[in-house]
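Shown next: coords-v8.txt, containing compact mmCIF, C-alpha atoms.
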# COMPACT_ATOMS: atom_id res chain seq x y z
CA MET A 28 130.54 -95.36 111.68
CA ARG A 29 133.97 -94.60 113.19
CA VAL A 30 133.99 -93.79 116.90
CA LEU A 31 136.77 -92.67 119.24
CA GLY A 32 136.09 -93.84 122.79
CA VAL A 33 137.79 -91.91 125.61
CA ASP A 34 138.12 -93.22 129.17
CA PRO A 35 139.19 -89.94 130.78
CA GLY A 36 141.97 -89.64 133.34
CA LEU A 37 144.97 -87.42 134.04
CA THR A 38 147.50 -90.19 134.74
CA ARG A 39 146.12 -92.56 132.10
CA CYS A 40 143.53 -91.49 129.54
CA GLY A 41 142.39 -94.54 127.54
CA VAL A 42 141.68 -94.02 123.82
CA GLY A 43 140.31 -96.52 121.32
CA VAL A 44 138.90 -96.25 117.81
CA VAL A 45 136.30 -98.74 116.56
CA GLU A 46 134.64 -98.87 113.17
CA GLY A 47 131.43 -100.64 112.23
CA VAL A 48 127.66 -100.63 112.45
CA ALA A 49 125.27 -102.34 114.84
CA GLY A 50 124.57 -105.94 113.85
CA ARG A 51 127.84 -106.47 111.95
CA PRO A 52 131.29 -107.52 113.21
CA LEU A 53 133.23 -104.50 114.50
CA THR A 54 136.84 -103.58 113.72
CA MET A 55 139.41 -102.05 116.04
CA VAL A 56 141.22 -99.23 114.22
CA GLY A 57 143.56 -98.24 117.05
CA VAL A 58 143.98 -98.32 120.81
CA GLY A 59 146.30 -96.58 123.26
CA VAL A 60 146.74 -94.51 126.37
CA VAL A 61 147.58 -90.81 126.75
CA ARG A 62 149.73 -90.54 129.88
CA THR A 63 150.80 -87.48 131.84
CA PRO A 64 153.38 -87.41 134.68
CA ALA A 65 151.80 -87.38 138.15
CA ASP A 66 154.41 -84.89 139.41
CA ALA A 67 153.79 -82.30 136.66
CA ASP A 68 151.51 -79.39 137.49
CA LEU A 69 147.86 -79.55 136.50
CA GLY A 70 148.18 -77.05 133.64
CA HIS A 71 150.94 -79.03 131.93
CA ARG A 72 148.99 -82.25 132.39
CA LEU A 73 145.88 -80.76 130.77
CA VAL A 74 147.95 -79.43 127.85
CA ALA A 75 149.46 -82.93 127.41
CA VAL A 76 145.97 -84.52 127.40
CA GLU A 77 144.85 -81.96 124.81
CA GLN A 78 147.84 -82.72 122.56
CA GLY A 79 147.26 -86.46 122.90
CA ILE A 80 143.54 -86.29 122.07
CA ASP A 81 144.20 -83.91 119.17
CA GLN A 82 146.73 -86.40 117.76
CA TRP A 83 144.17 -89.21 117.89
CA LEU A 84 141.55 -87.01 116.21
CA ASP A 85 144.04 -85.96 113.52
CA GLU A 86 145.16 -89.48 112.82
CA HIS A 87 141.85 -91.36 112.93
CA ARG A 88 139.23 -88.74 111.97
CA PRO A 89 136.35 -90.26 113.97
CA GLU A 90 132.75 -89.24 113.16
CA TYR A 91 131.76 -89.47 116.83
CA VAL A 92 133.54 -89.25 120.16
CA ALA A 93 132.16 -91.23 123.11
CA VAL A 94 133.38 -90.14 126.56
CA GLU A 95 132.65 -91.76 129.91
CA ARG A 96 130.22 -89.67 131.92
CA VAL A 97 131.88 -88.73 135.21
CA PHE A 98 129.88 -88.71 138.43
CA SER A 99 130.88 -86.69 141.45
CA GLN A 100 129.57 -89.37 143.83
CA HIS A 101 132.30 -91.89 143.00
CA ASN A 102 136.01 -91.92 143.85
CA VAL A 103 136.09 -88.51 145.50
CA ARG A 104 139.89 -88.50 145.50
CA THR A 105 140.35 -88.84 141.76
CA VAL A 106 137.07 -87.48 140.42
CA MET A 107 138.34 -83.93 139.91
CA GLY A 108 141.21 -85.05 137.67
CA THR A 109 138.83 -87.29 135.75
CA ALA A 110 136.33 -84.46 135.29
CA GLN A 111 139.09 -82.13 134.10
CA ALA A 112 140.54 -84.66 131.64
CA SER A 113 137.03 -85.38 130.30
CA ALA A 114 136.46 -81.64 129.81
CA VAL A 115 139.59 -81.46 127.64
CA ALA A 116 138.52 -84.46 125.53
CA ILE A 117 135.00 -83.03 125.03
CA LEU A 118 136.49 -79.63 124.17
CA CYS A 119 138.90 -81.08 121.57
CA ALA A 120 136.07 -82.91 119.78
CA SER A 121 133.51 -80.08 120.00
CA ARG A 122 136.01 -77.55 118.66
CA ARG A 123 136.14 -79.63 115.46
CA GLY A 124 132.37 -80.00 115.32
CA ILE A 125 132.54 -83.74 116.09
CA PRO A 126 129.43 -84.83 118.05
CA VAL A 127 130.22 -86.01 121.59
CA ALA A 128 128.17 -88.61 123.43
CA LEU A 129 128.48 -89.30 127.14
CA HIS A 130 127.80 -92.83 128.37
CA THR A 131 127.74 -93.94 131.98
CA PRO A 132 130.02 -96.79 133.12
CA SER A 133 127.00 -99.03 133.70
CA GLU A 134 125.60 -98.32 130.21
CA VAL A 135 128.96 -99.33 128.74
CA LYS A 136 129.25 -102.50 130.84
CA ALA A 137 125.65 -103.46 130.05
CA ALA A 138 126.25 -102.87 126.33
CA VAL A 139 129.29 -105.13 126.03
CA THR A 140 128.66 -107.77 128.74
CA GLY A 141 124.89 -107.70 129.29
CA SER A 142 125.39 -106.62 132.92
CA GLY A 143 125.79 -103.08 134.23
CA ARG A 144 127.76 -104.49 137.16
CA ALA A 145 130.38 -106.44 135.21
CA ASP A 146 133.99 -106.18 136.44
CA LYS A 147 137.03 -104.97 134.46
CA ALA A 148 138.11 -108.50 133.51
CA GLN A 149 134.70 -109.29 132.06
CA VAL A 150 134.66 -106.03 130.04
CA GLY A 151 138.20 -106.79 128.80
CA ALA A 152 137.19 -110.33 127.80
CA MET A 153 134.15 -109.14 125.84
CA VAL A 154 136.05 -106.35 124.10
CA THR A 155 138.64 -108.94 123.04
CA ARG A 156 135.93 -111.24 121.69
CA LEU A 157 133.82 -108.55 119.99
CA LEU A 158 136.82 -107.02 118.21
CA ARG A 159 138.39 -110.43 117.53
CA LEU A 160 141.69 -109.49 119.21
CA ALA A 161 144.44 -111.94 120.15
CA SER A 162 144.48 -110.78 123.79
CA PRO A 163 142.76 -108.20 126.02
CA PRO A 164 144.02 -104.63 125.46
CA LYS A 165 146.18 -103.37 128.34
CA PRO A 166 145.90 -101.36 130.52
CA ALA A 167 142.21 -101.58 131.52
CA ASP A 168 141.75 -97.91 130.52
CA ALA A 169 142.49 -98.85 126.89
CA ALA A 170 139.95 -101.70 126.99
CA ASP A 171 137.38 -99.36 128.60
CA ALA A 172 137.90 -96.82 125.80
CA LEU A 173 137.16 -99.52 123.19
CA ALA A 174 134.09 -100.61 125.20
CA LEU A 175 132.84 -97.00 125.12
CA ALA A 176 133.22 -96.88 121.35
CA ILE A 177 131.40 -100.23 120.95
CA CYS A 178 128.64 -99.03 123.29
CA HIS A 179 128.18 -95.91 121.19
CA ILE A 180 127.96 -97.82 117.90
CA TRP A 181 125.36 -100.18 119.34
CA ARG A 182 123.29 -97.52 121.05
CA ALA A 183 123.45 -95.02 118.19
CA PRO A 184 120.68 -96.55 116.02
CA ALA A 185 118.19 -96.38 118.89
CA GLN A 186 119.28 -92.85 119.76
CA ASN A 187 119.08 -91.78 116.12
CA ARG A 188 115.58 -93.25 115.71
CA LEU A 189 114.47 -91.48 118.88
CA GLN A 190 115.99 -88.25 117.65
CA GLN A 191 114.33 -88.56 114.25
CA ALA A 192 110.98 -89.19 115.95
CA VAL A 193 111.47 -86.10 118.13
CA THR A 194 112.40 -84.03 115.08
CA ARG A 195 109.39 -85.26 113.09
CA HIS A 196 107.13 -84.52 116.02
CA ALA A 197 108.67 -81.08 116.50
CA SER A 198 108.30 -80.18 112.83
CA ARG A 199 104.60 -81.10 112.90
CA ALA A 200 103.81 -79.48 116.25
CA PRO A 201 103.42 -75.68 116.21
CA ARG A 202 106.40 -73.90 117.82
CA THR A 203 107.70 -76.61 120.13
CA GLN A 204 110.71 -75.01 121.73
CA HIS A 205 113.91 -76.85 122.59
CA ALA A 206 112.81 -79.98 120.75
CA SER A 207 116.37 -81.28 120.81
CA LYS A 208 117.16 -80.14 124.35
CA GLY A 209 119.23 -82.61 126.29
CA ARG A 210 120.54 -84.35 123.21
CA THR A 211 124.23 -85.11 123.55
CA THR A 212 125.01 -86.73 120.21
CA MET B 5 152.08 -57.72 138.36
CA ARG B 6 148.96 -58.24 136.24
CA VAL B 7 146.71 -61.12 137.26
CA LEU B 8 143.57 -62.58 135.67
CA GLY B 9 141.32 -64.12 138.32
CA VAL B 10 138.85 -66.77 137.15
CA ASP B 11 135.87 -67.93 139.22
CA PRO B 12 135.03 -71.00 137.12
CA GLY B 13 131.49 -72.02 136.15
CA LEU B 14 129.63 -73.15 133.06
CA THR B 15 126.61 -70.85 133.39
CA ARG B 16 128.62 -67.89 134.69
CA CYS B 17 132.43 -67.84 134.69
CA GLY B 18 133.64 -64.72 136.51
CA VAL B 19 136.77 -63.00 135.13
CA GLY B 20 138.63 -60.03 136.56
CA VAL B 21 142.02 -58.45 135.86
CA VAL B 22 143.90 -56.63 138.63
CA GLU B 23 147.26 -54.90 138.42
CA GLY B 24 149.57 -53.98 141.26
CA VAL B 25 152.00 -55.22 143.89
CA ALA B 26 151.54 -56.16 147.52
CA GLY B 27 151.63 -53.12 149.81
CA ARG B 28 150.49 -50.61 147.17
CA PRO B 29 146.98 -49.62 146.04
CA LEU B 30 145.69 -52.04 143.41
CA THR B 31 144.00 -51.18 140.11
CA MET B 32 141.14 -52.98 138.40
CA VAL B 33 141.93 -53.38 134.70
CA GLY B 34 138.74 -55.18 133.71
CA VAL B 35 135.93 -57.33 135.02
CA GLY B 36 133.21 -59.42 133.40
CA VAL B 37 131.45 -62.73 133.10
CA VAL B 38 131.70 -65.41 130.43
CA ARG B 39 128.23 -66.93 130.10
CA THR B 40 127.10 -70.06 128.30
CA PRO B 41 123.47 -71.10 127.69
CA ALA B 42 122.23 -73.74 130.16
CA ASP B 43 120.34 -75.56 127.39
CA ALA B 44 123.36 -75.94 125.08
CA ASP B 45 125.22 -79.23 125.13
CA LEU B 46 128.33 -79.58 127.27
CA GLY B 47 130.74 -79.52 124.33
CA HIS B 48 129.41 -76.23 122.99
CA ARG B 49 129.50 -74.73 126.48
CA LEU B 50 133.15 -75.72 126.99
CA VAL B 51 134.07 -74.27 123.57
CA ALA B 52 132.30 -71.02 124.55
CA VAL B 53 134.22 -70.86 127.85
CA GLU B 54 137.46 -71.45 125.94
CA GLN B 55 136.70 -68.63 123.50
CA GLY B 56 135.77 -66.29 126.34
CA ILE B 57 138.92 -66.98 128.38
CA ASP B 58 141.11 -66.72 125.26
CA GLN B 59 139.59 -63.30 124.53
CA TRP B 60 140.41 -62.09 128.04
CA LEU B 61 143.98 -63.41 127.74
CA ASP B 62 144.38 -61.78 124.30
CA GLU B 63 143.03 -58.46 125.46
CA HIS B 64 144.68 -58.11 128.87
CA ARG B 65 147.90 -60.20 128.60
CA PRO B 66 148.07 -61.17 132.29
CA GLU B 67 151.37 -62.47 133.72
CA TYR B 68 149.55 -64.86 136.03
CA VAL B 69 146.18 -66.58 136.08
CA ALA B 70 144.57 -67.36 139.46
CA VAL B 71 141.77 -69.94 139.39
CA GLU B 72 139.55 -71.04 142.26
CA ARG B 73 140.48 -74.52 143.42
CA VAL B 74 137.44 -76.77 143.10
CA PHE B 75 136.67 -79.37 145.74
CA SER B 76 134.59 -82.43 145.06
CA GLN B 77 133.08 -82.36 148.56
CA HIS B 78 131.04 -79.21 148.00
CA ASN B 79 127.93 -78.60 145.89
CA VAL B 80 127.77 -82.08 144.43
CA ARG B 81 125.16 -80.99 141.88
CA THR B 82 127.24 -78.29 140.23
CA VAL B 83 130.78 -79.39 141.02
CA MET B 84 131.29 -81.29 137.74
CA GLY B 85 130.50 -78.25 135.59
CA THR B 86 132.74 -76.12 137.78
CA ALA B 87 135.60 -78.61 137.51
CA GLN B 88 135.20 -78.77 133.74
CA ALA B 89 135.09 -74.98 133.32
CA SER B 90 138.18 -74.64 135.55
CA ALA B 91 140.00 -77.23 133.42
CA VAL B 92 139.33 -75.11 130.32
CA ALA B 93 140.60 -71.93 132.02
CA ILE B 94 143.76 -73.68 133.28
CA LEU B 95 144.31 -75.19 129.82
CA CYS B 96 143.96 -71.82 128.04
CA ALA B 97 146.57 -70.21 130.32
CA SER B 98 149.00 -73.15 130.36
CA ARG B 99 148.92 -73.43 126.57
CA ARG B 100 150.33 -69.89 126.45
CA GLY B 101 152.93 -70.63 129.14
CA ILE B 102 151.19 -68.35 131.66
CA PRO B 103 151.70 -69.67 135.22
CA VAL B 104 148.46 -70.79 136.88
CA ALA B 105 147.86 -70.63 140.64
CA LEU B 106 144.97 -72.34 142.38
CA HIS B 107 143.57 -70.72 145.53
CA THR B 108 140.88 -72.18 147.75
CA PRO B 109 137.72 -70.15 148.46
CA SER B 110 138.75 -69.77 152.12
CA GLU B 111 142.25 -68.51 151.15
CA VAL B 112 140.61 -65.90 148.94
CA LYS B 113 138.09 -64.82 151.57
CA ALA B 114 140.80 -64.66 154.24
CA ALA B 115 143.04 -62.61 151.94
CA VAL B 116 140.50 -59.90 151.19
CA THR B 117 138.35 -59.83 154.37
CA GLY B 118 140.58 -61.33 157.09
CA SER B 119 138.15 -64.22 157.57
CA GLY B 120 138.04 -67.51 155.65
CA ARG B 121 134.31 -67.71 156.42
CA ALA B 122 133.26 -64.32 155.07
CA ASP B 123 130.05 -64.21 153.02
CA LYS B 124 129.63 -62.99 149.44
CA ALA B 125 128.49 -59.51 150.50
CA GLN B 126 131.57 -59.02 152.66
CA VAL B 127 133.89 -60.15 149.84
CA GLY B 128 132.08 -57.80 147.43
CA ALA B 129 132.38 -54.89 149.88
CA MET B 130 136.12 -55.41 150.37
CA VAL B 131 136.80 -55.83 146.64
CA THR B 132 134.96 -52.53 146.08
CA ARG B 133 137.05 -50.81 148.76
CA LEU B 134 140.42 -52.32 147.80
CA LEU B 135 140.00 -51.46 144.12
CA ARG B 136 138.36 -48.07 144.90
CA LEU B 137 135.26 -48.85 142.82
CA ALA B 138 132.03 -46.84 142.88
CA SER B 139 129.92 -49.93 143.64
CA PRO B 140 130.37 -53.71 144.11
CA PRO B 141 130.93 -55.57 140.83
CA LYS B 142 127.90 -57.66 139.79
CA PRO B 143 127.25 -60.55 139.64
CA ALA B 144 129.03 -62.09 142.63
CA ASP B 145 131.09 -64.28 140.25
CA ALA B 146 132.72 -61.14 138.85
CA ALA B 147 133.57 -59.87 142.35
CA ASP B 148 134.94 -63.31 143.28
CA ALA B 149 137.20 -63.27 140.21
CA LEU B 150 138.65 -59.91 141.29
CA ALA B 151 139.10 -61.25 144.85
CA LEU B 152 141.06 -64.20 143.41
CA ALA B 153 143.37 -61.85 141.52
CA ILE B 154 143.89 -59.69 144.64
CA CYS B 155 144.57 -62.82 146.72
CA HIS B 156 147.20 -63.92 144.22
CA ILE B 157 148.99 -60.56 144.19
CA TRP B 158 149.12 -60.47 147.98
CA ARG B 159 150.16 -64.09 148.42
CA ALA B 160 152.70 -64.09 145.57
CA PRO B 161 155.60 -62.45 147.46
CA ALA B 162 155.45 -65.08 150.23
CA GLN B 163 155.13 -67.87 147.67
CA ASN B 164 158.01 -66.46 145.63
CA ARG B 165 160.27 -66.18 148.70
CA LEU B 166 159.39 -69.75 149.66
CA GLN B 167 160.08 -70.91 146.14
CA GLN B 168 163.42 -69.09 145.99
CA ALA B 169 164.42 -70.67 149.31
CA VAL B 170 163.48 -74.12 147.99
CA THR B 171 165.45 -73.48 144.80
CA ARG B 172 168.53 -72.27 146.72
CA HIS B 173 168.31 -75.30 148.99
CA ALA B 174 167.87 -77.64 146.04
CA SER B 175 170.85 -76.19 144.17
CA ARG B 176 173.09 -76.71 147.22
CA ALA B 177 171.79 -80.16 148.14
CA PRO B 178 173.13 -83.06 146.03
CA ARG B 179 170.45 -84.47 143.69
CA THR B 180 167.30 -83.41 145.51
CA GLN B 181 164.60 -84.70 143.23
CA HIS B 182 161.32 -82.93 142.58
CA ALA B 183 162.36 -79.86 144.54
CA SER B 184 159.58 -77.89 142.93
CA LYS B 185 156.96 -80.63 143.19
CA GLY B 186 153.58 -79.35 144.16
CA ARG B 187 154.30 -75.82 143.05
CA THR B 188 151.39 -74.39 141.13
CA THR B 189 152.74 -70.98 140.24

So, in terms of structure tokens, how does the structure I just supplied come out?
Amino acid sequence: MRVLGVDPGLTRCGVGVVEGVAGRPLTMVGVGVVRTPADADLGHRLVAVEQGIDQWLDEHRPEYVAVERVFSQHNVRTVMGTAQASAVAILCASRRGIPVALHTPSEVKAAVTGSGRADKAQVGAMVTRLLRLASPPKPADAADALALAICHIWRAPAQNRLQQAVTRHASRAPRTQHASKGRTT
Amino acid sequence: MRVLGVDPGLTRCGVGVVEGVAGRPLTMVGVGVVRTPADADLGHRLVAVEQGIDQWLDEHRPEYVAVERVFSQHNVRTVMGTAQASAVAILCASRRGIPVALHTPSEVKAAVTGSGRADKAQVGAMVTRLLRLASPPKPADAADALALAICHIWRAPAQNRLQQAVTRHASRAPRTQHASKGRTT
């Protein structure tokens, strides 16, 4: 399974590609940051994010894209830019028919460190260890993108089993509507 | 001047095209709503908004796009979807090199009714009068999109004069950096 993780942002949008399956050592395929100038207007910044994400999709052909789920409660000052950058990333993947999964920051932290309240350094340290890297990826947005991809690979089997169970149930039950409602992958 | 106004939303995205110049009667060229199903996943909804906006841009070839500026303070429950739909609209226009202006809800209300605190009915009534329509456009999102376009046409001359003054000043002043910073049109 090859997954592109995206830590959305207008100034720095972290991107990281990880390949592997749950229960086996994982491999980092690529990591980077899509940057847009803070003094450019919003439209140009969104176009630059789109071009950057499209390049990563072209180059690495991921089977899944995992994007951080943005909450409006946090960081009121920057949340709009984050929401807008995430919309562009989700759009780029969906346009190609690539399934998109949204994971919350605490799901990602819990997946890679065991604690949903881990700090950036701890996430960076675990990403370095799990992908057998020489040093933590910089900036933190790049490490977070890899953590998202790892989280998705590890959570996918459980989600897939759940989905298969729902599908089996739906196919047996007479006319259950919206059996897959709410599914994001 | 032909302007496409966009009242962003995932469930209903209002779109309206108005043609005219400040100080002359305005003409409605088209009005409608881009809808996406509430039970579809976010990626499919954003792709549907993109296709809808692209169709309106193809069909009406506006010179400007005016989008409602989204604030994170309001309507916490729906603000993320609104921000994401607005990102798609801004992206579609910017990709084609069409200038995008963001106007706040109170700027729009003040422009068409004289009061920044006007209610939806008042905005609908004034849009109907200003565009000489037989009845208020429904739903309210469609009327709001037309109000955005009207607001942009009426505010544009002042913004253009300001911009020209800034440009003249910048071209005289030695090495004034970022003279056009913050400009959205």

I'd like the interatomic distance between CA of Ser162 (chain A) and CA of Ala116 (chain A), to a tenth of an Å. 27.0 Å

Chain B fitted onto chain A, all C-alpha pairs in order, as a tab-separated table (two decimals) with C-alpha atoms, in the coordinates of the input:
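Done, and the output landed in part_12.tsv:
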chain	number	residue	atom	x	y	z
B	5	MET	CA	130.58	-95.39	111.65
B	6	ARG	CA	133.98	-94.61	113.18
B	7	VAL	CA	133.99	-93.80	116.89
B	8	LEU	CA	136.77	-92.66	119.23
B	9	GLY	CA	136.09	-93.84	122.78
B	10	VAL	CA	137.78	-91.91	125.59
B	11	ASP	CA	138.09	-93.21	129.16
B	12	PRO	CA	139.16	-89.92	130.75
B	13	GLY	CA	141.93	-89.61	133.35
B	14	LEU	CA	144.93	-87.41	134.02
B	15	THR	CA	147.46	-90.17	134.75
B	16	ARG	CA	146.08	-92.55	132.11
B	17	CYS	CA	143.49	-91.47	129.53
B	18	GLY	CA	142.37	-94.52	127.54
B	19	VAL	CA	141.66	-94.01	123.82
B	20	GLY	CA	140.30	-96.51	121.33
B	21	VAL	CA	138.92	-96.24	117.79
B	22	VAL	CA	136.32	-98.74	116.55
B	23	GLU	CA	134.67	-98.89	113.15
B	24	GLY	CA	131.46	-100.65	112.21
B	25	VAL	CA	127.68	-100.67	112.43
B	26	ALA	CA	125.30	-102.36	114.82
B	27	GLY	CA	124.60	-105.97	113.82
B	28	ARG	CA	127.88	-106.50	111.95
B	29	PRO	CA	131.33	-107.54	113.21
B	30	LEU	CA	133.25	-104.52	114.49
B	31	THR	CA	136.87	-103.60	113.73
B	32	MET	CA	139.43	-102.06	116.05
B	33	VAL	CA	141.25	-99.24	114.24
B	34	GLY	CA	143.56	-98.25	117.08
B	35	VAL	CA	143.97	-98.31	120.83
B	36	GLY	CA	146.30	-96.58	123.27
B	37	VAL	CA	146.73	-94.50	126.37
B	38	VAL	CA	147.55	-90.81	126.76
B	39	ARG	CA	149.70	-90.51	129.88
B	40	THR	CA	150.75	-87.45	131.83
B	41	PRO	CA	153.34	-87.37	134.65
B	42	ALA	CA	151.76	-87.34	138.13
B	43	ASP	CA	154.36	-84.85	139.38
B	44	ALA	CA	153.73	-82.26	136.64
B	45	ASP	CA	151.45	-79.35	137.45
B	46	LEU	CA	147.80	-79.51	136.47
B	47	GLY	CA	148.13	-77.03	133.61
B	48	HIS	CA	150.90	-78.99	131.91
B	49	ARG	CA	148.95	-82.22	132.37
B	50	LEU	CA	145.82	-80.75	130.75
B	51	VAL	CA	147.90	-79.42	127.82
B	52	ALA	CA	149.42	-82.91	127.40
B	53	VAL	CA	145.95	-84.51	127.38
B	54	GLU	CA	144.83	-81.95	124.79
B	55	GLN	CA	147.81	-82.72	122.55
B	56	GLY	CA	147.24	-86.45	122.89
B	57	ILE	CA	143.52	-86.30	122.06
B	58	ASP	CA	144.18	-83.91	119.14
B	59	GLN	CA	146.72	-86.40	117.74
B	60	TRP	CA	144.17	-89.21	117.90
B	61	LEU	CA	141.54	-87.03	116.20
B	62	ASP	CA	144.04	-85.96	113.51
B	63	GLU	CA	145.17	-89.50	112.83
B	64	HIS	CA	141.86	-91.38	112.92
B	65	ARG	CA	139.23	-88.75	111.95
B	66	PRO	CA	136.36	-90.29	113.96
B	67	GLU	CA	132.77	-89.26	113.14
B	68	TYR	CA	131.77	-89.48	116.79
B	69	VAL	CA	133.53	-89.24	120.13
B	70	ALA	CA	132.15	-91.24	123.08
B	71	VAL	CA	133.35	-90.13	126.52
B	72	GLU	CA	132.63	-91.76	129.87
B	73	ARG	CA	130.19	-89.67	131.88
B	74	VAL	CA	131.82	-88.72	135.17
B	75	PHE	CA	129.82	-88.68	138.39
B	76	SER	CA	130.80	-86.64	141.39
B	77	GLN	CA	129.52	-89.30	143.80
B	78	HIS	CA	132.21	-91.84	142.98
B	79	ASN	CA	135.93	-91.89	143.82
B	80	VAL	CA	135.99	-88.49	145.47
B	81	ARG	CA	139.80	-88.47	145.49
B	82	THR	CA	140.27	-88.80	141.75
B	83	VAL	CA	137.00	-87.46	140.39
B	84	MET	CA	138.28	-83.89	139.87
B	85	GLY	CA	141.15	-85.01	137.63
B	86	THR	CA	138.78	-87.26	135.72
B	87	ALA	CA	136.27	-84.45	135.24
B	88	GLN	CA	139.02	-82.11	134.05
B	89	ALA	CA	140.49	-84.65	131.60
B	90	SER	CA	136.99	-85.37	130.25
B	91	ALA	CA	136.40	-81.64	129.75
B	92	VAL	CA	139.55	-81.46	127.61
B	93	ALA	CA	138.48	-84.46	125.50
B	94	ILE	CA	134.97	-83.04	124.98
B	95	LEU	CA	136.46	-79.64	124.12
B	96	CYS	CA	138.88	-81.09	121.54
B	97	ALA	CA	136.04	-82.92	119.74
B	98	SER	CA	133.49	-80.09	119.95
B	99	ARG	CA	135.99	-77.56	118.61
B	100	ARG	CA	136.15	-79.65	115.43
B	101	GLY	CA	132.36	-80.02	115.26
B	102	ILE	CA	132.54	-83.75	116.05
B	103	PRO	CA	129.42	-84.85	117.99
B	104	VAL	CA	130.20	-86.01	121.54
B	105	ALA	CA	128.15	-88.63	123.39
B	106	LEU	CA	128.46	-89.30	127.10
B	107	HIS	CA	127.79	-92.85	128.33
B	108	THR	CA	127.72	-93.94	131.95
B	109	PRO	CA	130.00	-96.78	133.10
B	110	SER	CA	126.97	-99.03	133.69
B	111	GLU	CA	125.59	-98.32	130.17
B	112	VAL	CA	128.96	-99.33	128.74
B	113	LYS	CA	129.24	-102.49	130.84
B	114	ALA	CA	125.65	-103.47	130.03
B	115	ALA	CA	126.26	-102.88	126.32
B	116	VAL	CA	129.30	-105.13	126.03
B	117	THR	CA	128.66	-107.78	128.74
B	118	GLY	CA	124.88	-107.72	129.30
B	119	SER	CA	125.37	-106.62	132.91
B	120	GLY	CA	125.76	-103.07	134.22
B	121	ARG	CA	127.74	-104.49	137.16
B	122	ALA	CA	130.36	-106.43	135.21
B	123	ASP	CA	133.95	-106.17	136.44
B	124	LYS	CA	136.99	-104.96	134.49
B	125	ALA	CA	138.09	-108.49	133.54
B	126	GLN	CA	134.68	-109.29	132.07
B	127	VAL	CA	134.64	-106.04	130.05
B	128	GLY	CA	138.18	-106.79	128.81
B	129	ALA	CA	137.20	-110.34	127.82
B	130	MET	CA	134.16	-109.17	125.85
B	131	VAL	CA	136.06	-106.36	124.11
B	132	THR	CA	138.67	-108.95	123.07
B	133	ARG	CA	135.95	-111.25	121.71
B	134	LEU	CA	133.84	-108.58	120.00
B	135	LEU	CA	136.84	-107.05	118.23
B	136	ARG	CA	138.44	-110.48	117.55
B	137	LEU	CA	141.72	-109.52	119.25
B	138	ALA	CA	144.48	-111.97	120.19
B	139	SER	CA	144.51	-110.80	123.83
B	140	PRO	CA	142.77	-108.21	126.06
B	141	PRO	CA	144.03	-104.65	125.48
B	142	LYS	CA	146.18	-103.37	128.37
B	143	PRO	CA	145.88	-101.36	130.53
B	144	ALA	CA	142.21	-101.57	131.53
B	145	ASP	CA	141.75	-97.90	130.52
B	146	ALA	CA	142.49	-98.85	126.91
B	147	ALA	CA	139.95	-101.69	127.00
B	148	ASP	CA	137.38	-99.37	128.60
B	149	ALA	CA	137.89	-96.83	125.79
B	150	LEU	CA	137.17	-99.53	123.19
B	151	ALA	CA	134.09	-100.63	125.19
B	152	LEU	CA	132.84	-97.01	125.11
B	153	ALA	CA	133.21	-96.88	121.33
B	154	ILE	CA	131.41	-100.24	120.93
B	155	CYS	CA	128.64	-99.05	123.27
B	156	HIS	CA	128.18	-95.93	121.16
B	157	ILE	CA	127.97	-97.84	117.87
B	158	TRP	CA	125.38	-100.21	119.29
B	159	ARG	CA	123.31	-97.55	121.02
B	160	ALA	CA	123.47	-95.04	118.14
B	161	PRO	CA	120.71	-96.56	115.97
B	162	ALA	CA	118.19	-96.41	118.84
B	163	GLN	CA	119.29	-92.88	119.72
B	164	ASN	CA	119.10	-91.80	116.08
B	165	ARG	CA	115.59	-93.25	115.67
B	166	LEU	CA	114.50	-91.50	118.86
B	167	GLN	CA	116.04	-88.27	117.66
B	168	GLN	CA	114.39	-88.53	114.24
B	169	ALA	CA	111.02	-89.15	115.92
B	170	VAL	CA	111.53	-86.09	118.14
B	171	THR	CA	112.50	-84.00	115.11
B	172	ARG	CA	109.47	-85.18	113.09
B	173	HIS	CA	107.21	-84.44	116.05
B	174	ALA	CA	108.79	-81.04	116.57
B	175	SER	CA	108.43	-80.07	112.91
B	176	ARG	CA	104.71	-80.92	112.99
B	177	ALA	CA	103.97	-79.36	116.38
B	178	PRO	CA	103.61	-75.55	116.40
B	179	ARG	CA	106.59	-73.85	118.10
B	180	THR	CA	107.84	-76.67	120.30
B	181	GLN	CA	110.83	-75.10	121.97
B	182	HIS	CA	114.03	-76.95	122.80
B	183	ALA	CA	112.91	-80.10	121.01
B	184	SER	CA	116.47	-81.34	120.99
B	185	LYS	CA	117.28	-80.27	124.54
B	186	GLY	CA	119.32	-82.79	126.41
B	187	ARG	CA	120.61	-84.47	123.29
B	188	THR	CA	124.30	-85.17	123.56
B	189	THR	CA	124.97	-86.70	120.18

If you measure from CA of Gly128 (chain B) to CA of Ala146 (chain B), what distance in Å do you get, rounded to one decimal?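 These two atoms are separated by 9.2 Å.
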
Name the residues within 10 Å of (122.1, -101.1, 136.5), counting all atoms listed in the file in the file's coordinates, and put them as an NGL selection string. :A and (132-134 or 136-137 or 142-145)

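Using all atoms listed in the file, the smallest distance between any of B:Gly47, B:Gly18, B:Pro143, B:Gly27 and Ile125 (chain A) comes from B:Gly47.
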
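Of the residues listed (B:Leu14, B:Val7, B:Met130, B:Ala149), B:Leu14 shows the shortest atom-to-atom separation from Ala44 (chain B); distances use all atoms listed in the file.
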
Quick one: distance from CA of Gln59 (chain B) to CA of Thr31 (chain B) in Å, one decimal?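 CA of Thr31 (chain B) lies 20.2 Å from CA of Gln59 (chain B).
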
Taking all atoms listed in the file into account, which of A:Asp66, A:Asp85, A:Glu90, A:Glu95 comes nearest chain B?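 Answer, going by the shortest atom-to-atom distance: A:Asp66.
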